[in-house]
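As structure tokens, the structure follows; a few thoughts come after it.
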Amino acid sequence: MNDIFYISTPIYYVNSHPHIGHAYTTVATDVLNRFRKLFGSDTYFLTGTDEHGQKIVESALKSGIDPQEFVDKISQEFQDMWPHLHIENDQFIRTTDPLHKACVQQILQNIYDQGEIYLKEYEGLYCVGCERFLDESELVEGNCPDHQNPPQLYKEQNYFFRMSAYQGWLEKELVQNENWVYPGRYRNELIQFLKAPLQDLCISRPKSRLKWGIELPFDKNYVTYVWFDALLNYASALGWPDGEKYKKYWPHVHHMIGKDILKTHGIYWPCMLKAAGLPVFKKLVVHGHWVIGGSKMSKSLGNVVDPLAMKDQLGVDSLRYFLLRDMSFGEDANFTEELAVKRYNGDLANNFGNLLNRSISMSRNNFEGCVPPLGEAGEVEENLRNSFIEGVKKFQEHILAFQPHRALEHVAWLSSQVNKYIDICKPWTLAKQLEDRERLGTVLYTALDMTRILVGLLDPVMPEKMSEARKSLGLGTGKIAFEKLTPGLLEAGTKMPEPKPLFPKMKLSAEEIISSEVTQNGKKLNTADENKEWFAFDDFQKMELKVGQIKTCRKLEKSAKLLCSEVDLGEGRLRSIVSGAAEFYTPEELTNRRVLVVANLKPVKLMGEISEGMILFSDDKGKLVLIEAPDHVNPGVTVR
Ligand code: MSP
């Protein structure tokens, strides 16, 4: 493939620190870009930071520093982080770069000169989190659905871009060009959105309200709306209008974005490009979101995952692998450290790592530390080679179709096929008989040769680990060319150093699970008591907590402390439950109260009475207070 490939990530807002969502987009872009390079394309990979707008000013104010100092600091955090995640971007753009500013002003002037920008009085609902005006129809109970707070009402004179004029054109493009937006359901979302009349886009903010932005070239009292400024980074970075890079790469531009910014990229951006006379992008590639242990990632929930802390726990390459393998491209996926460790142990330690280790060790032990010669190959070798020839093609197709998860699933399958092959051929048995030596050589050569191909396929995802794997196979550190990823090209007699396990099995400690969900900037949150014996969420889920209603209650004659209640748990019968609350409550006080009950505690006999659960009380230094459920929650309802 000798084509040209230009891919961008969104430029990230610098109002908060980088998190695992940013890391995912950038890693996925990096991986796809590295694959294109491997396939022989001339590639360009752009990322950067989005530094203007109200949101940034508000964050700077909160930090007590001026916006420029603030954006410099956070932008640097992004720039510093990428090498730690093995990101190989060609350029990092900042919207505060003078060249970018000049480009935005030039394009605005051009569109203004064409009469496509006009001034009018406007009243609208602005969400600072989204940095855009919202339609009434987008609100849920008066709130922005993404940021869960009410937008602010602004009434002011502003400049507008005649976006409505492009509605027909855009609709036609989207309908005609099936591959313009991937996955297709996001294209459908855009087509659906265009069923309603498209509004003109407000592209300015009065300086009286917001100074932090790029001044409009035709009115010094205004700055440019942050999205109009930000989207143009994709072209300004290349030196629009006559930079060499622009001429070379622009016709091949692919934008990778998360689904949260579909509207700005799928509606605003093509209209802006059309108006400015730039060719529209070749493809918009949209991925889903990582949710953390089932909930949306948010600062207020304290579950924002810090990529660097995660990398320290899993290793960079294993983290990259997990991100790409576990998110079906375009869909949402759940992120927990437990899932990441499971994936690591399954795919990397037990499957691929084991294959690499055992094929090298057995070859070294039986063939003086070298790759054995390939003897006569039988049907089983032929079949394996064919699945690899087919497999490499399929792999490439999945990558070109922006389905890295399927490509990696295929690699895991190929790897398990080689492991199966080894198990069937039993080289350890062949090694015992001298007359089986040729066969032994064939089996081990085949296993090593297939492993070499897998190393080549995994290289863009795990560059550091695969460089080590190449060394272990005696291949040196240079990357394996894509054309060489075909069976039979491993050289017999190559010396292989003693292998070090590349993917030792990982243990998941309970403490690690917790820290994965509550770390930020490498610091653990909510884990004040380091010596605490944590237990996992799965263990918590084993407990059945229910709302119950105490129907009758009596004192146990033989005890001063115990009460015995009959409790309705919505089961069609009453349970007998003994509790040690007689010193704090009379039976009458407890009767009819709605309580919380541990419903799956093993039944026991206390003072001759069966107790089939536990009613929950708070225990303040021995003083018990009943924990009540509200009256409108019915007996039998689950408590989480
Ligand atoms: N500055 C704008 C983009 C302007 S592009 C011209 C912006 N920045 S952002 O910092 O909020 O980053 C949004 C992007 O971060 C998403 O589109 C996505 O790529 C990534 N992610 C943010 N949260 C995410 C998840 N929970 N999961 C996966 N990626 C997500 O919007």
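Labels for the structure tokens follow display order: chains A, B, ..., residues from 1 in each chain, ligands from 1.
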
Give me, as an MDAnalysis selection string, the set of residues whose atoms come within 9 Å of any atom of ligand 1, counting only C-alpha atoms and all ligand atoms. chainID A and resid 9:26 48:51 129:131 226:234 256:262 264:265 269 286:292 296:298 304 332:333

Can you list, as a PDB file with N, CA, C and O atoms, in the first residue's frame, every protein, DNA or RNA residue that comes within 8 Å of range 579-595 of chain A when you count only C-alpha atoms, leaving out same-chain residues fewer than 6 positions away?
ATOM      1  N   VAL A 547     -34.994  -4.635  51.582  1.00  0.00           N
ATOM      2  CA  VAL A 547     -35.852  -3.865  52.487  1.00  0.00           C
ATOM      3  C   VAL A 547     -36.844  -4.853  53.110  1.00  0.00           C
ATOM      4  O   VAL A 547     -37.373  -5.727  52.414  1.00  0.00           O
ATOM      5  N   GLY A 548     -37.050  -4.749  54.424  1.00  0.00           N
ATOM      6  CA  GLY A 548     -38.022  -5.617  55.095  1.00  0.00           C
ATOM      7  C   GLY A 548     -38.946  -4.785  55.964  1.00  0.00           C
ATOM      8  O   GLY A 548     -38.673  -3.610  56.236  1.00  0.00           O
ATOM      9  N   GLN A 549     -40.066  -5.400  56.377  1.00  0.00           N
ATOM     10  CA  GLN A 549     -40.920  -4.690  57.340  1.00  0.00           C
ATOM     11  C   GLN A 549     -41.131  -5.610  58.544  1.00  0.00           C
ATOM     12  O   GLN A 549     -41.515  -6.780  58.382  1.00  0.00           O
ATOM     13  N   ILE A 550     -40.863  -5.061  59.728  1.00  0.00           N
ATOM     14  CA  ILE A 550     -41.033  -5.867  60.948  1.00  0.00           C
ATOM     15  C   ILE A 550     -42.527  -5.954  61.241  1.00  0.00           C
ATOM     16  O   ILE A 550     -43.190  -4.936  61.449  1.00  0.00           O
ATOM     17  N   LYS A 551     -43.045  -7.185  61.203  1.00  0.00           N
ATOM     18  CA  LYS A 551     -44.486  -7.346  61.412  1.00  0.00           C
ATOM     19  C   LYS A 551     -44.810  -7.562  62.893  1.00  0.00           C
ATOM     20  O   LYS A 551     -45.784  -7.017  63.402  1.00  0.00           O
ATOM     21  N   THR A 552     -43.987  -8.393  63.557  1.00  0.00           N
ATOM     22  CA  THR A 552     -44.169  -8.576  65.004  1.00  0.00           C
ATOM     23  C   THR A 552     -42.789  -8.561  65.640  1.00  0.00           C
ATOM     24  O   THR A 552     -41.797  -8.836  64.958  1.00  0.00           O
ATOM     25  N   CYS A 553     -42.749  -8.270  66.927  1.00  0.00           N
ATOM     26  CA  CYS A 553     -41.446  -8.277  67.594  1.00  0.00           C
ATOM     27  C   CYS A 553     -41.677  -8.625  69.074  1.00  0.00           C
ATOM     28  O   CYS A 553     -42.668  -8.183  69.672  1.00  0.00           O
ATOM     29  N   ARG A 554     -40.792  -9.449  69.642  1.00  0.00           N
ATOM     30  CA  ARG A 554     -40.932  -9.799  71.064  1.00  0.00           C
ATOM     31  C   ARG A 554     -39.551  -9.930  71.676  1.00  0.00           C
ATOM     32  O   ARG A 554     -38.557 -10.148  70.953  1.00  0.00           O
ATOM     33  N   LYS A 555     -39.536  -9.821  73.031  1.00  0.00           N
ATOM     34  CA  LYS A 555     -38.268 -10.000  73.754  1.00  0.00           C
ATOM     35  C   LYS A 555     -38.025 -11.480  73.961  1.00  0.00           C
ATOM     36  O   LYS A 555     -38.977 -12.247  74.137  1.00  0.00           O
ATOM     37  N   ALA A 560     -31.317 -10.649  78.029  1.00  0.00           N
ATOM     38  CA  ALA A 560     -31.621  -9.231  78.247  1.00  0.00           C
ATOM     39  C   ALA A 560     -31.394  -8.413  76.989  1.00  0.00           C
ATOM     40  O   ALA A 560     -31.859  -7.289  76.868  1.00  0.00           O
ATOM     41  N   LYS A 561     -30.643  -8.994  76.032  1.00  0.00           N
ATOM     42  CA  LYS A 561     -30.236  -8.201  74.863  1.00  0.00           C
ATOM     43  C   LYS A 561     -31.021  -8.491  73.600  1.00  0.00           C
ATOM     44  O   LYS A 561     -31.061  -7.668  72.689  1.00  0.00           O
ATOM     45  N   LEU A 562     -31.613  -9.700  73.521  1.00  0.00           N
ATOM     46  CA  LEU A 562     -32.121 -10.120  72.211  1.00  0.00           C
ATOM     47  C   LEU A 562     -33.620  -9.889  72.015  1.00  0.00           C
ATOM     48  O   LEU A 562     -34.431 -10.087  72.927  1.00  0.00           O
ATOM     49  N   LEU A 563     -33.921  -9.479  70.788  1.00  0.00           N
ATOM     50  CA  LEU A 563     -35.309  -9.355  70.354  1.00  0.00           C
ATOM     51  C   LEU A 563     -35.502 -10.311  69.184  1.00  0.00           C
ATOM     52  O   LEU A 563     -34.563 -10.530  68.405  1.00  0.00           O
ATOM     53  N   CYS A 564     -36.700 -10.853  69.053  1.00  0.00           N
ATOM     54  CA  CYS A 564     -36.950 -11.713  67.883  1.00  0.00           C
ATOM     55  C   CYS A 564     -38.088 -11.092  67.082  1.00  0.00           C
ATOM     56  O   CYS A 564     -39.168 -10.831  67.614  1.00  0.00           O
ATOM     57  N   SER A 565     -37.793 -10.810  65.796  1.00  0.00           N
ATOM     58  CA  SER A 565     -38.805 -10.153  64.959  1.00  0.00           C
ATOM     59  C   SER A 565     -39.270 -11.103  63.869  1.00  0.00           C
ATOM     60  O   SER A 565     -38.516 -11.979  63.431  1.00  0.00           O
ATOM     61  N   MET A 614     -30.190 -10.706  59.087  1.00  0.00           N
ATOM     62  CA  MET A 614     -29.725  -9.713  60.054  1.00  0.00           C
ATOM     63  C   MET A 614     -30.371  -8.366  59.747  1.00  0.00           C
ATOM     64  O   MET A 614     -30.375  -7.919  58.595  1.00  0.00           O
ATOM     65  N   ILE A 615     -30.952  -7.760  60.794  1.00  0.00           N
ATOM     66  CA  ILE A 615     -31.502  -6.405  60.622  1.00  0.00           C
ATOM     67  C   ILE A 615     -30.362  -5.432  60.904  1.00  0.00           C
ATOM     68  O   ILE A 615     -29.622  -5.604  61.882  1.00  0.00           O
ATOM     69  N   LEU A 616     -30.195  -4.418  60.053  1.00  0.00           N
ATOM     70  CA  LEU A 616     -29.037  -3.526  60.198  1.00  0.00           C
ATOM     71  C   LEU A 616     -29.313  -2.347  61.140  1.00  0.00           C
ATOM     72  O   LEU A 616     -30.350  -1.683  61.041  1.00  0.00           O
ATOM     73  N   LYS A 623     -23.868   1.643  71.034  1.00  0.00           N
ATOM     74  CA  LYS A 623     -25.249   2.140  71.051  1.00  0.00           C
ATOM     75  C   LYS A 623     -25.867   1.891  69.673  1.00  0.00           C
ATOM     76  O   LYS A 623     -25.377   2.405  68.660  1.00  0.00           O
ATOM     77  N   LEU A 624     -26.948   1.064  69.658  1.00  0.00           N
ATOM     78  CA  LEU A 624     -27.527   0.694  68.360  1.00  0.00           C
ATOM     79  C   LEU A 624     -28.660   1.626  67.961  1.00  0.00           C
ATOM     80  O   LEU A 624     -29.502   1.977  68.790  1.00  0.00           O
ATOM     81  N   VAL A 625     -28.623   2.036  66.700  1.00  0.00           N
ATOM     82  CA  VAL A 625     -29.724   2.842  66.162  1.00  0.00           C
ATOM     83  C   VAL A 625     -30.203   2.167  64.878  1.00  0.00           C
ATOM     84  O   VAL A 625     -29.392   1.813  64.010  1.00  0.00           O
ATOM     85  N   LEU A 626     -31.500   1.969  64.786  1.00  0.00           N
ATOM     86  CA  LEU A 626     -32.060   1.262  63.631  1.00  0.00           C
ATOM     87  C   LEU A 626     -31.826   2.056  62.342  1.00  0.00           C
ATOM     88  O   LEU A 626     -32.040   3.270  62.313  1.00  0.00           O
ATOM     89  N   ILE A 627     -31.398   1.357  61.277  1.00  0.00           N
ATOM     90  CA  ILE A 627     -31.292   2.020  59.967  1.00  0.00           C
ATOM     91  C   ILE A 627     -32.599   1.741  59.247  1.00  0.00           C
ATOM     92  O   ILE A 627     -32.929   0.588  58.974  1.00  0.00           O
ATOM     93  N   GLU A 628     -33.314   2.803  58.953  1.00  0.00           N
ATOM     94  CA  GLU A 628     -34.646   2.590  58.376  1.00  0.00           C
ATOM     95  C   GLU A 628     -34.679   2.829  56.877  1.00  0.00           C
ATOM     96  O   GLU A 628     -33.929   3.654  56.348  1.00  0.00           O
ATOM     97  N   ALA A 629     -35.594   2.115  56.213  1.00  0.00           N
ATOM     98  CA  ALA A 629     -35.853   2.386  54.798  1.00  0.00           C
ATOM     99  C   ALA A 629     -37.067   3.301  54.727  1.00  0.00           C
ATOM    100  O   ALA A 629     -37.938   3.228  55.608  1.00  0.00           O
ATOM    101  N   PRO A 630     -37.159   4.163  53.716  1.00  0.00           N
ATOM    102  CA  PRO A 630     -38.332   5.042  53.630  1.00  0.00           C
ATOM    103  C   PRO A 630     -39.625   4.227  53.476  1.00  0.00           C
ATOM    104  O   PRO A 630     -39.602   3.123  52.928  1.00  0.00           O
ATOM    105  N   ASP A 631     -40.722   4.809  53.942  1.00  0.00           N
ATOM    106  CA  ASP A 631     -42.009   4.097  53.928  1.00  0.00           C
ATOM    107  C   ASP A 631     -42.487   3.698  52.543  1.00  0.00           C
ATOM    108  O   ASP A 631     -43.209   2.724  52.391  1.00  0.00           O
ATOM    109  N   PRO A 635     -41.362  -3.891  51.030  1.00  0.00           N
ATOM    110  CA  PRO A 635     -40.596  -5.052  51.474  1.00  0.00           C
ATOM    111  C   PRO A 635     -40.180  -5.921  50.290  1.00  0.00           C
ATOM    112  O   PRO A 635     -40.967  -6.104  49.351  1.00  0.00           O
TER     113      PRO A 635
END

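The coordinates place CA of Tyr159 in chain A at 5.9 Å from CA of Cys202 in chain A.
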
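CA of Glu178 in chain A is found 20.3 Å from CA of Ser328 in chain A.
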
Given the choices A:Gly572, A:Gly493, A:Gly40, A:Pro83, which gets closest to Lys311 in chain A if the distance is worked out from only C-alpha atoms? A:Pro83

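Between Cys370 in chain A and the residues A:Leu324, A:Leu475, A:Val31, A:Ile87, the shortest atom-to-atom distance, using only C-alpha atoms, involves A:Leu475.
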
Using Å and a single decimal, report how far CA of Lys505 in chain A sits from CA of Ala309 in chain A.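 Going from CA of Ala309 in chain A over to CA of Lys505 in chain A covers 19.3 Å.
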
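Distances to Ile399 in chain A were evaluated for A:Leu458, A:Val71, A:Leu414, A:Ala447 using only C-alpha atoms, and the minimum falls at A:Leu458.
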
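Within 12 Å of Arg640 in chain A, once only C-alpha atoms are used and residues closer than 3 positions along the same chain are dropped, the contacting residues are Phe537, Phe540, Gln541, Lys542, Met543, Glu544, Leu545, Lys546, Val547, Leu596, Val597, Val598 and Val637 of chain A.
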
Residues of range 309-402 of chain A classed as alpha helix (DSSP H) by DSSP on the backbone are to be reported as a PyMOL selection string. chain A and resi 309-314+316-326+337-343+354-366+379-400

Store the residues picked out above in a file with C-alpha atoms, as an mmCIF file, in the first residue's frame.
data_model
loop_
_atom_site.group_PDB
_atom_site.id
_atom_site.type_symbol
_atom_site.label_atom_id
_atom_site.label_comp_id
_atom_site.auth_asym_id
_atom_site.auth_seq_id
_atom_site.Cartn_x
_atom_site.Cartn_y
_atom_site.Cartn_z
ATOM 1 C CA ALA A 309 -1.323 5.284 37.247
ATOM 2 C CA MET A 310 -2.932 2.581 35.121
ATOM 3 C CA LYS A 311 0.201 2.210 33.058
ATOM 4 C CA ASP A 312 2.224 1.752 36.229
ATOM 5 C CA GLN A 313 -0.060 -1.055 37.299
ATOM 6 C CA LEU A 314 -0.470 -2.876 33.995
ATOM 7 C CA VAL A 316 2.178 0.514 28.956
ATOM 8 C CA ASP A 317 1.908 -2.057 26.233
ATOM 9 C CA SER A 318 -0.538 -4.244 28.137
ATOM 10 C CA LEU A 319 -2.682 -1.171 28.770
ATOM 11 C CA ARG A 320 -2.602 -0.318 25.049
ATOM 12 C CA TYR A 321 -3.535 -3.896 24.206
ATOM 13 C CA PHE A 322 -6.445 -3.943 26.635
ATOM 14 C CA LEU A 323 -7.820 -0.604 25.392
ATOM 15 C CA LEU A 324 -7.795 -1.747 21.792
ATOM 16 C CA ARG A 325 -8.930 -5.308 22.395
ATOM 17 C CA ASP A 326 -11.758 -4.740 24.862
ATOM 18 C CA GLU A 337 -8.606 -3.012 36.342
ATOM 19 C CA GLU A 338 -10.000 -6.453 36.957
ATOM 20 C CA LEU A 339 -11.094 -6.754 33.318
ATOM 21 C CA ALA A 340 -7.720 -5.473 32.163
ATOM 22 C CA VAL A 341 -5.872 -8.047 34.268
ATOM 23 C CA LYS A 342 -8.165 -10.826 33.070
ATOM 24 C CA ARG A 343 -7.503 -9.868 29.478
ATOM 25 C CA ASN A 354 3.306 -18.877 26.808
ATOM 26 C CA LEU A 355 3.655 -19.664 23.095
ATOM 27 C CA LEU A 356 6.675 -17.414 22.747
ATOM 28 C CA ASN A 357 8.345 -18.816 25.826
ATOM 29 C CA ARG A 358 7.823 -22.451 25.259
ATOM 30 C CA SER A 359 8.693 -22.456 21.562
ATOM 31 C CA ILE A 360 11.963 -20.608 22.249
ATOM 32 C CA SER A 361 12.864 -22.666 25.337
ATOM 33 C CA MET A 362 12.238 -26.027 23.693
ATOM 34 C CA SER A 363 14.162 -25.000 20.570
ATOM 35 C CA ARG A 364 17.079 -23.708 22.612
ATOM 36 C CA ASN A 365 17.196 -26.829 24.753
ATOM 37 C CA ASN A 366 17.146 -29.210 21.811
ATOM 38 C CA GLU A 379 -0.803 -31.586 6.459
ATOM 39 C CA VAL A 380 -1.039 -30.123 9.923
ATOM 40 C CA GLU A 381 1.769 -27.638 9.147
ATOM 41 C CA GLU A 382 0.184 -26.852 5.793
ATOM 42 C CA ASN A 383 -3.151 -26.061 7.487
ATOM 43 C CA LEU A 384 -1.513 -23.866 10.071
ATOM 44 C CA ARG A 385 0.447 -21.938 7.461
ATOM 45 C CA ASN A 386 -2.708 -21.424 5.418
ATOM 46 C CA SER A 387 -4.593 -20.078 8.415
ATOM 47 C CA PHE A 388 -1.726 -17.642 8.929
ATOM 48 C CA ILE A 389 -1.635 -16.515 5.291
ATOM 49 C CA GLU A 390 -5.397 -16.019 5.415
ATOM 50 C CA GLY A 391 -5.154 -14.579 8.937
ATOM 51 C CA VAL A 392 -2.689 -11.834 8.030
ATOM 52 C CA LYS A 393 -4.968 -10.742 5.183
ATOM 53 C CA LYS A 394 -8.008 -10.701 7.453
ATOM 54 C CA PHE A 395 -6.051 -8.834 10.071
ATOM 55 C CA GLN A 396 -5.148 -6.127 7.586
ATOM 56 C CA GLU A 397 -8.750 -5.881 6.414
ATOM 57 C CA HIS A 398 -9.968 -5.356 9.972
ATOM 58 C CA ILE A 399 -7.410 -2.629 10.564
ATOM 59 C CA LEU A 400 -8.261 -0.866 7.313
#

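Closest approach to Gly184 in chain A among A:Lys283, A:Arg573, A:Lys220, A:Lys172: A:Lys283, based on only C-alpha atoms.
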
Which one is closest to Pro504 in chain A: A:Thr96, A:Thr477, A:Gln176, A:Asn351? Count only C-alpha atoms.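 Using only C-alpha atoms, the shortest distance to Pro504 in chain A belongs to A:Asn351.
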
Nearest to Asn350 in chain A: which of A:Asn600, A:Thr429, A:Ser416, A:Gln403 is it, counting only C-alpha atoms?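 So, comparing all the options, the nearest one is A:Ser416.
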
Give me the residues near Arg34 in chain A as a PyMOL selection string, where near means some atom within 12 Å (using only C-alpha atoms) and where sequence neighbours in that chain fewer than 3 positions away do not count. chain A and resi 5-7+27-31+37-45+86-90+399-400+456-463+479+482

Show me, as a PyMOL selection string, the residues that have an atom within 9 Å of Asn149 in chain A when counting only C-alpha atoms, minus same-chain residues fewer than 6 positions from it. chain A and resi 127+142-143
